[in-house]
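K.L.:
You'll find query-v4.txt just under this line, and it carries compact mmCIF, C-alpha atoms and all ligand atoms.
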```
# COMPACT_ATOMS: atom_id res chain seq x y z
CA MET A 63 23.65 27.07 19.59
CA LYS A 64 26.52 24.64 19.66
CA ILE A 65 27.75 23.91 16.12
CA TYR A 66 30.27 21.13 15.62
CA ASN A 67 31.77 18.78 13.08
CA PRO A 68 30.33 15.26 13.39
CA PRO A 69 33.31 12.92 12.97
CA ARG A 70 33.88 11.42 9.52
CA THR A 71 31.78 14.09 7.80
CA ASN A 72 32.48 17.56 6.38
CA LEU A 73 29.37 18.92 8.04
CA GLN A 74 29.07 21.79 10.52
CA ALA A 75 25.97 20.71 12.42
CA SER A 76 23.87 22.15 15.23
CA ASN A 77 23.51 19.75 18.14
CA VAL A 78 19.75 20.41 18.13
CA ILE A 79 17.82 19.08 15.13
CA LEU A 80 14.26 19.91 14.09
CA GLY A 81 12.33 16.71 13.34
CA MET A 82 9.58 16.86 10.77
CA MET A 83 7.50 13.80 11.67
CA ARG A 84 4.51 15.80 12.94
CA ILE A 85 4.10 18.53 10.29
CA SER A 86 1.58 16.81 7.99
CA ASP A 87 -1.41 18.87 9.17
CA MET A 88 0.40 22.21 9.26
CA ASP A 89 -0.12 24.77 6.51
CA ASP A 90 2.70 26.41 4.55
CA GLU A 91 2.80 29.52 6.74
CA GLU A 92 3.01 27.47 9.93
CA ILE A 93 5.81 25.31 8.51
CA ARG A 94 7.74 28.39 7.38
CA ALA A 95 7.33 29.97 10.82
CA LEU A 96 8.57 26.79 12.51
CA VAL A 97 11.57 26.41 10.21
CA GLY A 98 12.35 30.15 10.32
CA THR A 99 12.29 30.14 14.12
CA ALA A 100 14.63 27.17 14.15
CA ARG A 101 17.05 28.89 11.77
CA ASP A 102 16.97 32.07 13.87
CA ALA A 103 17.74 29.96 16.96
CA GLY A 104 20.82 28.52 15.21
CA ILE A 105 19.37 25.14 14.21
CA ASN A 106 20.67 24.19 10.75
CA PHE A 107 19.60 20.52 10.71
CA PHE A 108 16.25 19.04 9.63
CA ASP A 109 15.21 15.41 10.03
CA HIS A 110 12.76 13.64 7.74
CA ALA A 111 11.78 10.09 6.76
CA ASP A 112 10.02 8.75 3.71
CA ILE A 113 7.20 7.38 5.89
CA TYR A 114 6.39 10.47 7.97
CA GLY A 115 2.86 11.61 7.17
CA GLY A 116 2.30 8.68 4.80
CA ALA A 117 4.43 8.03 1.74
CA HIS A 118 6.71 11.11 1.53
CA GLY A 119 3.85 13.15 3.05
CA CYS A 120 5.83 15.32 5.49
CA GLU A 121 8.70 15.64 3.03
CA LYS A 122 6.23 17.05 0.50
CA ARG A 123 4.69 19.46 3.03
CA PHE A 124 8.24 20.73 3.78
CA GLY A 125 9.19 20.91 0.09
CA ASP A 126 6.02 22.79 -0.81
CA ALA A 127 6.37 25.28 2.06
CA VAL A 128 10.11 25.97 2.16
CA THR A 129 12.21 27.15 -0.79
CA PHE A 130 15.96 27.51 -0.42
CA THR A 131 18.28 29.68 -2.50
CA ASP A 132 21.49 27.83 -3.43
CA ALA A 133 23.32 29.56 -0.57
CA GLU A 134 20.59 28.71 1.93
CA ARG A 135 20.52 25.11 0.76
CA GLU A 136 24.27 24.78 1.39
CA ALA A 137 23.82 26.32 4.85
CA VAL A 138 21.35 23.67 6.04
CA ILE A 139 21.58 19.92 6.56
CA ILE A 140 18.67 17.86 5.33
CA GLN A 141 18.50 14.26 6.47
CA SER A 142 15.97 11.60 5.51
CA LYS A 143 15.46 7.89 6.09
CA VAL A 144 14.48 4.82 4.15
CA GLY A 145 13.66 1.22 4.99
CA ILE A 146 10.25 1.09 6.69
CA ARG A 147 7.41 0.05 4.41
CA GLN A 148 3.77 -0.84 5.12
CA GLY A 149 4.08 -4.07 7.12
CA PHE A 150 7.74 -4.84 6.42
CA PHE A 151 11.27 -3.47 6.38
CA ASP A 152 13.15 -3.19 3.08
CA PHE A 153 16.87 -2.49 2.56
CA SER A 154 16.86 -3.77 -1.04
CA LYS A 155 18.85 -1.76 -3.55
CA GLU A 156 15.78 -1.10 -5.69
CA HIS A 157 13.74 0.24 -2.79
CA ILE A 158 16.54 2.44 -1.43
CA LEU A 159 17.18 3.99 -4.85
CA ARG A 160 13.51 4.54 -5.63
CA SER A 161 12.69 5.98 -2.22
CA VAL A 162 15.58 8.47 -2.30
CA ASP A 163 14.45 9.72 -5.72
CA GLU A 164 10.96 10.17 -4.33
CA SER A 165 12.30 11.95 -1.23
CA LEU A 166 14.30 14.40 -3.34
CA ALA A 167 11.27 15.11 -5.52
CA ALA A 168 8.99 15.61 -2.49
CA LEU A 169 11.51 17.82 -0.68
CA ASN A 170 12.18 19.72 -3.93
CA ILE A 171 15.97 19.47 -3.51
CA ASP A 172 18.84 17.93 -5.51
CA TYR A 173 20.66 16.08 -2.74
CA LEU A 174 20.29 14.77 0.79
CA ASP A 175 23.06 15.66 3.20
CA ILE A 176 22.43 12.43 5.10
CA LEU A 177 20.49 9.23 4.44
CA LEU A 178 19.73 6.88 7.37
CA LEU A 179 18.55 3.26 7.22
CA HIS A 180 15.48 3.59 9.45
CA ARG A 181 15.10 0.25 11.28
CA PRO A 182 17.06 -2.98 10.85
CA ASP A 183 15.86 -5.21 8.00
CA THR A 184 17.03 -8.65 9.08
CA LEU A 185 16.73 -9.81 5.45
CA VAL A 186 19.40 -7.26 4.51
CA GLU A 187 22.04 -8.19 1.94
CA PRO A 188 24.88 -5.80 2.84
CA GLU A 189 26.20 -5.88 -0.75
CA ASP A 190 22.79 -4.57 -1.87
CA VAL A 191 23.01 -1.64 0.53
CA ALA A 192 26.59 -0.97 -0.59
CA ALA A 193 25.57 -0.91 -4.26
CA ALA A 194 22.71 1.48 -3.49
CA PHE A 195 24.92 3.80 -1.41
CA ASP A 196 27.67 3.80 -4.07
CA ALA A 197 25.15 4.73 -6.77
CA LEU A 198 23.56 7.48 -4.66
CA HIS A 199 26.93 8.90 -3.63
CA ALA A 200 28.36 8.81 -7.17
CA ALA A 201 25.26 10.53 -8.56
CA GLY A 202 25.58 13.29 -5.96
CA LYS A 203 22.17 12.46 -4.53
CA VAL A 204 23.38 11.61 -0.99
CA ARG A 205 26.51 13.03 0.67
CA ASN A 206 26.65 11.13 3.99
CA PHE A 207 25.14 7.95 5.39
CA GLY A 208 24.08 6.44 8.68
CA VAL A 209 21.57 4.21 10.40
CA SER A 210 18.77 4.44 12.96
CA ASN A 211 17.75 2.08 15.79
CA GLN A 212 20.59 -0.34 14.99
CA THR A 213 22.97 -2.35 17.13
CA PRO A 214 26.77 -2.55 16.91
CA GLY A 215 26.41 -5.98 15.33
CA VAL A 216 24.27 -4.75 12.44
CA ILE A 217 26.57 -1.77 11.91
CA GLU A 218 29.63 -4.07 11.77
CA LEU A 219 27.82 -6.30 9.26
CA LEU A 220 26.98 -3.32 7.03
CA LYS A 221 30.50 -1.88 7.38
CA ARG A 222 32.01 -4.99 5.84
CA SER A 223 30.42 -4.08 2.49
CA VAL A 224 29.51 -0.38 2.61
CA ASN A 225 32.24 1.96 1.37
CA GLN A 226 31.09 5.22 2.97
CA PRO A 227 31.36 5.91 6.72
CA LEU A 228 28.23 5.12 8.72
CA ALA A 229 28.50 8.32 10.68
CA PHE A 230 25.14 8.56 12.50
CA ASN A 231 22.76 6.35 14.47
CA GLN A 232 19.38 7.82 15.47
CA VAL A 233 17.94 6.14 18.58
CA GLN A 234 15.24 6.78 21.15
CA LEU A 235 16.57 8.68 24.16
CA SER A 236 15.07 10.97 26.79
CA ILE A 237 15.66 11.39 30.54
CA THR A 238 12.84 8.93 31.21
CA HIS A 239 13.51 6.54 28.31
CA ALA A 240 17.24 5.99 28.67
CA PRO A 241 18.22 2.31 28.47
CA LEU A 242 21.08 3.38 26.21
CA ILE A 243 22.69 5.16 29.16
CA ALA A 244 21.05 3.63 32.24
CA GLN A 245 22.09 0.05 31.55
CA GLY A 246 25.79 0.80 31.71
CA VAL A 247 25.40 2.73 34.95
CA ALA A 248 23.81 -0.34 36.57
CA ALA A 249 26.00 -3.01 34.97
CA ASN A 250 26.62 -6.21 36.88
CA MET A 251 23.52 -5.98 39.10
CA ALA A 252 21.46 -9.15 39.52
CA GLY A 253 17.65 -8.94 39.36
CA LEU A 254 17.56 -5.33 38.19
CA ASP A 255 15.69 -4.62 34.94
CA GLN A 256 17.87 -1.58 34.30
CA SER A 257 20.93 -3.87 34.09
CA ILE A 258 19.58 -5.65 31.00
CA ASP A 259 21.58 -4.68 27.93
CA ARG A 260 19.02 -3.88 25.21
CA ASP A 261 21.38 -2.56 22.54
CA ASN A 262 24.67 -4.44 22.97
CA GLY A 263 26.79 -1.63 24.34
CA LEU A 264 25.74 0.88 21.69
CA LEU A 265 26.76 4.01 23.62
CA GLU A 266 30.39 3.01 24.10
CA TYR A 267 30.56 1.42 20.63
CA SER A 268 29.40 4.73 19.12
CA ARG A 269 31.97 6.75 21.07
CA LEU A 270 34.76 4.34 20.14
CA ASN A 271 33.80 4.34 16.45
CA ASP A 272 33.03 8.07 16.04
CA ILE A 273 29.36 7.47 15.33
CA THR A 274 27.20 10.46 16.25
CA LEU A 275 24.07 9.42 18.11
CA GLN A 276 20.85 11.38 17.54
CA ALA A 277 18.15 11.23 20.26
CA TRP A 278 14.57 10.95 18.99
CA SER A 279 11.53 11.66 21.19
CA PRO A 280 13.58 13.71 23.71
CA PHE A 281 10.45 14.77 25.66
CA GLN A 282 8.39 11.56 25.48
CA SER A 283 8.23 9.38 28.59
CA GLY A 284 7.97 6.22 26.50
CA ILE A 285 7.11 5.48 22.88
CA PHE A 286 4.75 8.35 22.05
CA ASP A 287 2.88 7.93 25.35
CA GLY A 288 3.06 11.45 26.60
CA VAL A 289 5.47 14.16 27.64
CA PHE A 290 7.21 14.03 31.03
CA VAL A 291 7.86 17.79 31.17
CA GLY A 292 5.08 19.18 33.34
CA ASP A 293 3.61 15.73 34.13
CA ARG A 294 3.59 16.07 37.93
CA GLU A 295 1.26 13.13 38.42
CA ASN A 296 3.74 10.60 37.06
CA TYR A 297 7.03 12.50 37.34
CA GLY A 298 6.78 14.80 40.38
CA PRO A 299 10.37 14.60 41.67
CA LEU A 300 11.76 14.85 38.13
CA ASN A 301 9.71 17.99 37.49
CA ASP A 302 10.91 19.49 40.79
CA ALA A 303 14.48 18.86 39.61
CA LEU A 304 13.77 20.28 36.14
CA ASP A 305 12.26 23.43 37.69
CA ASP A 306 15.15 23.97 40.16
CA ILE A 307 17.86 23.40 37.57
CA ALA A 308 16.04 25.49 34.95
CA ALA A 309 15.86 28.40 37.41
CA ALA A 310 19.56 28.04 38.21
CA HIS A 311 20.49 28.28 34.52
CA GLY A 312 17.89 30.86 33.46
CA VAL A 313 16.08 28.60 30.99
CA THR A 314 12.86 26.54 31.03
CA PRO A 315 12.48 22.87 32.02
CA THR A 316 12.25 22.06 28.32
CA GLY A 317 15.73 23.51 27.83
CA ILE A 318 17.05 21.39 30.70
CA ALA A 319 15.53 18.23 29.16
CA VAL A 320 17.58 19.01 26.05
CA ALA A 321 20.69 19.84 28.09
CA TRP A 322 20.50 16.49 29.88
CA ILE A 323 21.22 14.89 26.49
CA THR A 324 23.66 17.43 25.04
CA ARG A 325 25.71 17.46 28.29
CA HIS A 326 26.75 13.85 27.71
CA PRO A 327 30.33 13.77 26.35
CA ALA A 328 29.21 11.45 23.51
CA ASN A 329 28.13 14.64 21.62
CA ILE A 330 24.61 13.34 21.12
CA GLN A 331 22.29 15.44 18.93
CA VAL A 332 18.69 16.06 20.06
CA VAL A 333 15.89 15.60 17.50
CA LEU A 334 12.94 17.81 18.48
CA GLY A 335 9.44 16.88 17.39
CA THR A 336 7.57 20.01 18.42
CA THR A 337 5.35 21.91 16.00
CA LYS A 338 5.42 25.06 18.17
CA PRO A 339 8.00 27.79 17.45
CA ALA A 340 8.06 28.81 21.14
CA ARG A 341 9.11 25.30 22.17
CA VAL A 342 11.85 25.32 19.52
CA VAL A 343 13.28 28.46 21.15
CA GLU A 344 13.07 26.93 24.65
CA SER A 345 14.74 23.74 23.42
CA ALA A 346 17.51 25.53 21.55
CA ALA A 347 18.43 27.29 24.81
CA GLY A 348 19.49 23.89 26.18
CA SER A 349 22.06 23.28 23.46
CA GLY A 350 25.15 24.28 25.42
CA ILE A 351 24.22 24.30 29.11
CA PRO A 352 27.08 22.73 31.09
CA LEU A 353 25.05 20.78 33.67
CA SER A 354 27.15 19.78 36.66
CA ARG A 355 27.51 16.09 37.48
CA GLU A 356 25.30 16.68 40.52
CA GLU A 357 22.56 18.23 38.37
CA TRP A 358 22.82 15.59 35.63
CA TYR A 359 22.60 12.69 38.08
CA ARG A 360 19.76 14.33 40.02
CA LEU A 361 17.72 14.37 36.80
CA PHE A 362 18.74 10.77 36.11
CA THR A 363 17.70 9.42 39.51
CA THR A 364 14.50 11.47 39.87
CA ALA A 365 13.44 10.03 36.50
CA GLY A 366 13.50 6.64 38.22
CA HIS A 367 16.88 5.24 37.21
CA VAL A 368 18.97 3.52 39.83
CA LEU A 369 22.50 4.36 40.93
CA PRO A 370 23.63 1.05 42.45
N1 LIG B 1 14.38 7.19 13.95
C1 LIG B 1 13.21 6.88 14.45
O1 LIG B 1 12.83 5.69 14.55
C2 LIG B 1 12.30 7.98 14.92
C3 LIG B 1 11.11 7.68 15.60
C4 LIG B 1 10.32 8.76 16.02
C5 LIG B 1 10.69 10.07 15.77
N2 LIG B 1 11.84 10.33 15.08
C6 LIG B 1 12.28 11.71 14.81
O2 LIG B 1 12.39 12.38 16.05
C7 LIG B 1 11.62 13.57 16.04
C8 LIG B 1 11.12 13.83 17.41
O3 LIG B 1 10.22 12.79 17.85
P1 LIG B 1 8.97 13.17 18.74
O4 LIG B 1 8.10 14.09 17.97
O5 LIG B 1 8.38 11.95 19.26
O6 LIG B 1 9.73 13.99 19.90
P2 LIG B 1 9.32 14.92 21.10
O7 LIG B 1 9.91 16.25 20.85
O8 LIG B 1 9.74 14.20 22.32
O9 LIG B 1 7.75 15.00 21.11
C9 LIG B 1 7.07 16.00 20.38
C10 LIG B 1 5.62 15.97 20.78
O10 LIG B 1 5.53 16.27 22.16
C11 LIG B 1 4.79 17.46 22.32
N3 LIG B 1 5.44 18.25 23.38
C12 LIG B 1 6.73 18.53 23.51
N4 LIG B 1 6.96 19.24 24.62
C13 LIG B 1 5.76 19.40 25.21
C14 LIG B 1 5.34 20.02 26.39
N5 LIG B 1 6.22 20.63 27.23
N6 LIG B 1 4.04 19.98 26.71
C15 LIG B 1 3.16 19.39 25.90
N7 LIG B 1 3.50 18.78 24.73
C16 LIG B 1 4.79 18.80 24.40
C17 LIG B 1 4.80 18.15 21.02
O11 LIG B 1 3.65 18.96 20.91
P3 LIG B 1 3.72 20.41 20.22
O12 LIG B 1 3.88 20.14 18.76
O13 LIG B 1 2.41 21.01 20.58
O14 LIG B 1 4.89 21.12 20.82
C18 LIG B 1 4.80 16.99 20.04
O15 LIG B 1 3.49 16.47 19.87
C19 LIG B 1 10.55 13.33 14.96
O16 LIG B 1 10.08 14.54 14.40
C20 LIG B 1 11.33 12.53 13.95
O17 LIG B 1 12.07 13.43 13.14
C21 LIG B 1 12.65 9.30 14.68
```
As structure tokens, please, write out the structure in this file.
P.N.:
Amino acid sequence: MKIYNPPRTNLQASNVILGMMRISDMDDEEIRALVGTARDAGINFFDHADIYGGAHGCEKRFGDAVTFTDAEREAVIIQSKVGIRQGFFDFSKEHILRSVDESLAALNIDYLDILLLHRPDTLVEPEDVAAAFDALHAAGKVRNFGVSNQTPGVIELLKRSVNQPLAFNQVQLSITHAPLIAQGVAANMAGLDQSIDRDNGLLEYSRLNDITLQAWSPFQSGIFDGVFVGDRENYGPLNDALDDIAAAHGVTPTGIAVAWITRHPANIQVVLGTTKPARVVESAAGSGIPLSREEWYRLFTTAGHVLP
């Protein structure tokens, strides 16, 4: 497992993260087995949000199932998110402060290693966010901050007021859902959908500003509409490529789907959503595979992206 220091933090983080969005129906034993398998595979990073499983539902399942000694707590990185409410987005100071307190109680921990603003609230008052972050940081409740699904423009707006580094941005990225990467490859092409810039140059902005990107839904073909690994009906050539490259590196296609993301020099983290320990092991194996350019671009083009 590749462990590295995300810029502008003191963290030593695995580049594969276990996401906790889908654990609400798992029992304590199943959650402990999943988390234990991840730890054994070298994953030290767990991703939550206040809304997963209903209000703090998945956080509570995790907190009820997993107990950390002080040493174990310091050895793991627990991240959560705030900002999505039922029918609206809310970056108000009051909501951020209240939700973090509720997250800590549900998770049964004293501090979050990282808090992300989940999706952009266009009614944001950056001074409000800054006041909330200052209070959380000063109280020792949150050690690092970041955002999710946000453009360079929103990050610049927040940066003008927020005192702590915005060190992370969690965004949707898989081989098949890759506008973040594919747009730049096809820049300057008329009449090509792939050339449309949907995030205002976020990839290069993140690299230039030392913001670590985290890829959510790494195996989903679109937004929760199925997994491309093994889907020969819709992704035959891609699955041929995954199989060939997996065999060449002695891992499974799942590991190669992870490696396609971790191979990018932007040091992108991969946020897994599986509830199956075996898939965690297969995914972790992709953490450090040095795909060649030929392999990486074969996966890119067989997924349907264009090289002009
Ligand atoms: N910031 C955001 O806006 C945002 C949005 C969504 C998610 N997230 C985070 O990202 C994490 C990952 O998202 P995700 O769960 O959508 O990611 P994912 O890992 O792409 O998808 C996981 C789902 O795909 C299934 N799956 C994976 N590989 C499979 C295979 N080879 N064959 C059949 N099924 C397979 C899993 O089933 P099994 O459980 O059976 O393996 C699970 O239902 C979440 O847990 C959450 O932490 C963030």
K.L.:
Under the rule that only C-alpha atoms are counted, which of A:Thr337, A:Asn206, A:Asn250, A:Thr238 is the nearest residue to Asp293 in chain A?
P.N.:
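Closest to Asp293 in chain A, using only C-alpha atoms: A:Thr238.
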K.L.:
Once 3 Å is added on each side, what are the centre and the three edge lengths, in Å to one decimal, of the axis-aligned box enclosing the listed atoms of range 346-363 of chain A? Present them as JSON.
P.N.:
```
{"center_x": 22.5, "center_y": 18.4, "center_z": 31.0, "size_x": 16.0, "size_y": 23.9, "size_z": 25.0}
```
K.L.:
For Glu164 in chain A, which of A:Val186, A:Val138, A:Leu96, A:Ala111 is the closest residue, counting all atoms listed in the file?
P.N.:
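Distance minimum relative to Glu164 in chain A lands on A:Ala111.
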K.L.:
Hey, which of A:Gly317, A:Gly253, A:Gly366, A:Gly81 ends up closest to Phe107 in chain A? Count all atoms listed in the file.
P.N.:
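The shortest atom-to-atom distance to Phe107 in chain A comes from A:Gly81.
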K.L.:
Counting only C-alpha atoms and all ligand atoms, which residues of chain A sit at most 6 Å from some atom of ligand LIG 1 (chain B), and what is each one's closest atom pair with its distance in Å to one decimal, listed by chain and rising residue number, as a tab-separated table?
P.N.:
```
residue	atom	partner	partner_atom	distance
A:Gly81	CA	B:LIG1	O17	3.3
A:Met82	CA	B:LIG1	O16	4.3
A:Met83	CA	B:LIG1	O16	3.8
A:Arg84	CA	B:LIG1	O16	5.9
A:Asp109	CA	B:LIG1	O17	4.8
A:His110	CA	B:LIG1	O17	5.4
A:His180	CA	B:LIG1	N1	5.9
A:Ser210	CA	B:LIG1	N1	5.3
A:Gln232	CA	B:LIG1	N1	5.3
A:Val233	CA	B:LIG1	N1	5.9
A:Trp278	CA	B:LIG1	O2	3.9
A:Ser279	CA	B:LIG1	O6	3.2
A:Pro280	CA	B:LIG1	O8	4.1
A:Phe281	CA	B:LIG1	O8	3.5
A:Gln282	CA	B:LIG1	O8	4.3
A:Phe286	CA	B:LIG1	O5	5.8
A:Val289	CA	B:LIG1	C16	5.7
A:Val291	CA	B:LIG1	N5	5.1
A:Val333	CA	B:LIG1	C7	4.9
A:Leu334	CA	B:LIG1	O7	4.2
A:Gly335	CA	B:LIG1	O4	3.1
A:Thr336	CA	B:LIG1	O12	3.7
A:Thr337	CA	B:LIG1	O12	3.6
A:Lys338	CA	B:LIG1	O14	4.8
```
K.L.:
Could you jot down the CA of Glu187 in chain A to CA of Lys122 in chain A separation for me, Å, one decimal place?
P.N.:
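Going from CA of Glu187 in chain A over to CA of Lys122 in chain A, I get 29.8 Å.
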K.L.:
Nearest residue to Ser161 in chain A out of A:Cys120, A:Ala193, A:Leu177, A:Ala340, using all atoms listed in the file?
P.N.:
A:Leu177
K.L.:
Would you compute the distance between CA of Arg160 in chain A and CA of Pro182 in chain A? Give it in Å to one decimal.
P.N.:
18.5 Å
K.L.:
Using all atoms listed in the file, which residues sit within 8 Å of Val191 in chain A once same-chain residues fewer than 5 positions away are excluded, as a PyMOL selection string?
P.N.:
chain A and resi 153-155+158+186+220+224
K.L.:
Smallest atom-to-atom distance to Ala277 in chain A: which of A:Ala127, A:Ala249, A:Ile79, A:Leu159, using all atoms listed in the file?
P.N.:
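Smallest separation from Ala277 in chain A among the options: A:Ile79.
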K.L.:
What does the distance from CA of Arg260 in chain A to CA of Gly246 in chain A come to in Å, to one decimal?
P.N.:
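Separation of CA of Arg260 in chain A and CA of Gly246 in chain A: 10.5 Å.
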K.L.:
Against range 64-67 of chain A, which residues of range 217-330 of chain A fall within 12 Å? For each one I want the closest pair of atoms and the distance in Å (one decimal), counting all atoms listed in the file, rows by chain and increasing residue number, as CSV.
P.N.:
```
residue,atom,partner,partner_atom,distance
A:Ala229,CA,A:Asn67,CA,11.2
A:Asp272,CA,A:Asn67,CA,11.2
A:Ile273,CA,A:Asn67,CA,11.8
A:Thr274,CA,A:Asn67,CA,10.0
A:Ala321,CA,A:Lys64,CA,11.3
A:Thr324,CA,A:Lys64,CA,9.4
A:Arg325,CA,A:Lys64,CA,11.3
A:Asn329,CA,A:Tyr66,CA,9.1
A:Ile330,CA,A:Tyr66,CA,11.1
```
K.L.:
Hey, what's within 12 Å of Leu300 in chain A if we count only C-alpha atoms and toss same-chain stuff fewer than 2 positions away? As JSON, numbers by chain, please?
P.N.:
{"A": [237, 238, 283, 290, 291, 292, 293, 294, 295, 296, 297, 298, 302, 303, 304, 305, 306, 307, 308, 315, 318, 319, 357, 358, 359, 360, 361, 362, 363, 364, 365, 366, 367]}
K.L.:
Ile258 in chain A: which residues within 12 Å, counting only C-alpha atoms, same-chain residues fewer than 2 positions away excluded, as a list of chain:residue names?
P.N.:
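Once the adjacent positions are removed, what remains is A:Pro241, A:Leu242, A:Ile243, A:Ala244, A:Gln245, A:Gly246, A:Val247, A:Ala248, A:Ala249, A:Asn250, A:Met251, A:Ala252, A:Gly253, A:Leu254, A:Asp255, A:Gln256, A:Arg260, A:Asp261, A:Asn262, A:Gly263.
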K.L.:
Can I get the selected residues back with C-alpha atoms, as a short mmCIF file (atom, residue, chain, number, x, y, z; two decimals), keeping the file's coordinate frame?
P.N.:
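As a result, part-v4.cif now contains:
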```cif
data_model
loop_
_atom_site.label_atom_id
_atom_site.label_comp_id
_atom_site.auth_asym_id
_atom_site.auth_seq_id
_atom_site.Cartn_x
_atom_site.Cartn_y
_atom_site.Cartn_z
CA PRO A 241 18.22 2.31 28.47
CA LEU A 242 21.08 3.38 26.21
CA ILE A 243 22.69 5.16 29.16
CA ALA A 244 21.05 3.63 32.24
CA GLN A 245 22.09 0.05 31.55
CA GLY A 246 25.79 0.80 31.71
CA VAL A 247 25.40 2.73 34.95
CA ALA A 248 23.81 -0.34 36.57
CA ALA A 249 26.00 -3.01 34.97
CA ASN A 250 26.62 -6.21 36.88
CA MET A 251 23.52 -5.98 39.10
CA ALA A 252 21.46 -9.15 39.52
CA GLY A 253 17.65 -8.94 39.36
CA LEU A 254 17.56 -5.33 38.19
CA ASP A 255 15.69 -4.62 34.94
CA GLN A 256 17.87 -1.58 34.30
CA ARG A 260 19.02 -3.88 25.21
CA ASP A 261 21.38 -2.56 22.54
CA ASN A 262 24.67 -4.44 22.97
CA GLY A 263 26.79 -1.63 24.34
#
```
K.L.:
Counting all atoms listed in the file, which residues come within 9 Å of (9.9, 12.4, 0.2), with the point read in the file's coordinates, and could you list them as a ChimeraX atom specification?
P.N.:
/A:110-114,117-122,125,142,161-170
K.L.:
Can you pull out the residues contacting Gln212 in chain A? Cut-off 7 Å, using all atoms listed in the file, and skip same-chain residues under 3 positions away; I want them as a ChimeraX atom specification.
P.N.:
/A:181-182,209,216-217
K.L.:
My list of candidates is A:Ala75, A:Met88, A:Leu174, A:Asp259. Which is closest to Thr213 in chain A when distances are computed with all atoms listed in the file?
P.N.:
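Ranking A:Ala75, A:Met88, A:Leu174, A:Asp259 by distance to Thr213 in chain A, first place goes to A:Asp259.
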K.L.:
Contacts of Pro339 in chain A at 12 Å or less, counting all atoms listed in the file, minus same-chain residues fewer than 2 places along, as an mmCIF file with C-alpha atoms, in the coordinates of the input?
P.N.:
```cif
data_model
loop_
_atom_site.group_PDB
_atom_site.id
_atom_site.type_symbol
_atom_site.label_atom_id
_atom_site.label_comp_id
_atom_site.auth_asym_id
_atom_site.auth_seq_id
_atom_site.Cartn_x
_atom_site.Cartn_y
_atom_site.Cartn_z
ATOM 1 C CA LEU A 80 14.260 19.910 14.090
ATOM 2 C CA GLU A 92 3.010 27.470 9.930
ATOM 3 C CA ILE A 93 5.810 25.310 8.510
ATOM 4 C CA ARG A 94 7.740 28.390 7.380
ATOM 5 C CA ALA A 95 7.330 29.970 10.820
ATOM 6 C CA LEU A 96 8.570 26.790 12.510
ATOM 7 C CA VAL A 97 11.570 26.410 10.210
ATOM 8 C CA GLY A 98 12.350 30.150 10.320
ATOM 9 C CA THR A 99 12.290 30.140 14.120
ATOM 10 C CA ALA A 100 14.630 27.170 14.150
ATOM 11 C CA ARG A 101 17.050 28.890 11.770
ATOM 12 C CA ASP A 102 16.970 32.070 13.870
ATOM 13 C CA ALA A 103 17.740 29.960 16.960
ATOM 14 C CA LEU A 334 12.940 17.810 18.480
ATOM 15 C CA GLY A 335 9.440 16.880 17.390
ATOM 16 C CA THR A 336 7.570 20.010 18.420
ATOM 17 C CA THR A 337 5.350 21.910 16.000
ATOM 18 C CA ARG A 341 9.110 25.300 22.170
ATOM 19 C CA VAL A 342 11.850 25.320 19.520
ATOM 20 C CA VAL A 343 13.280 28.460 21.150
ATOM 21 C CA GLU A 344 13.070 26.930 24.650
ATOM 22 C CA SER A 345 14.740 23.740 23.420
ATOM 23 C CA ALA A 346 17.510 25.530 21.550
#
```
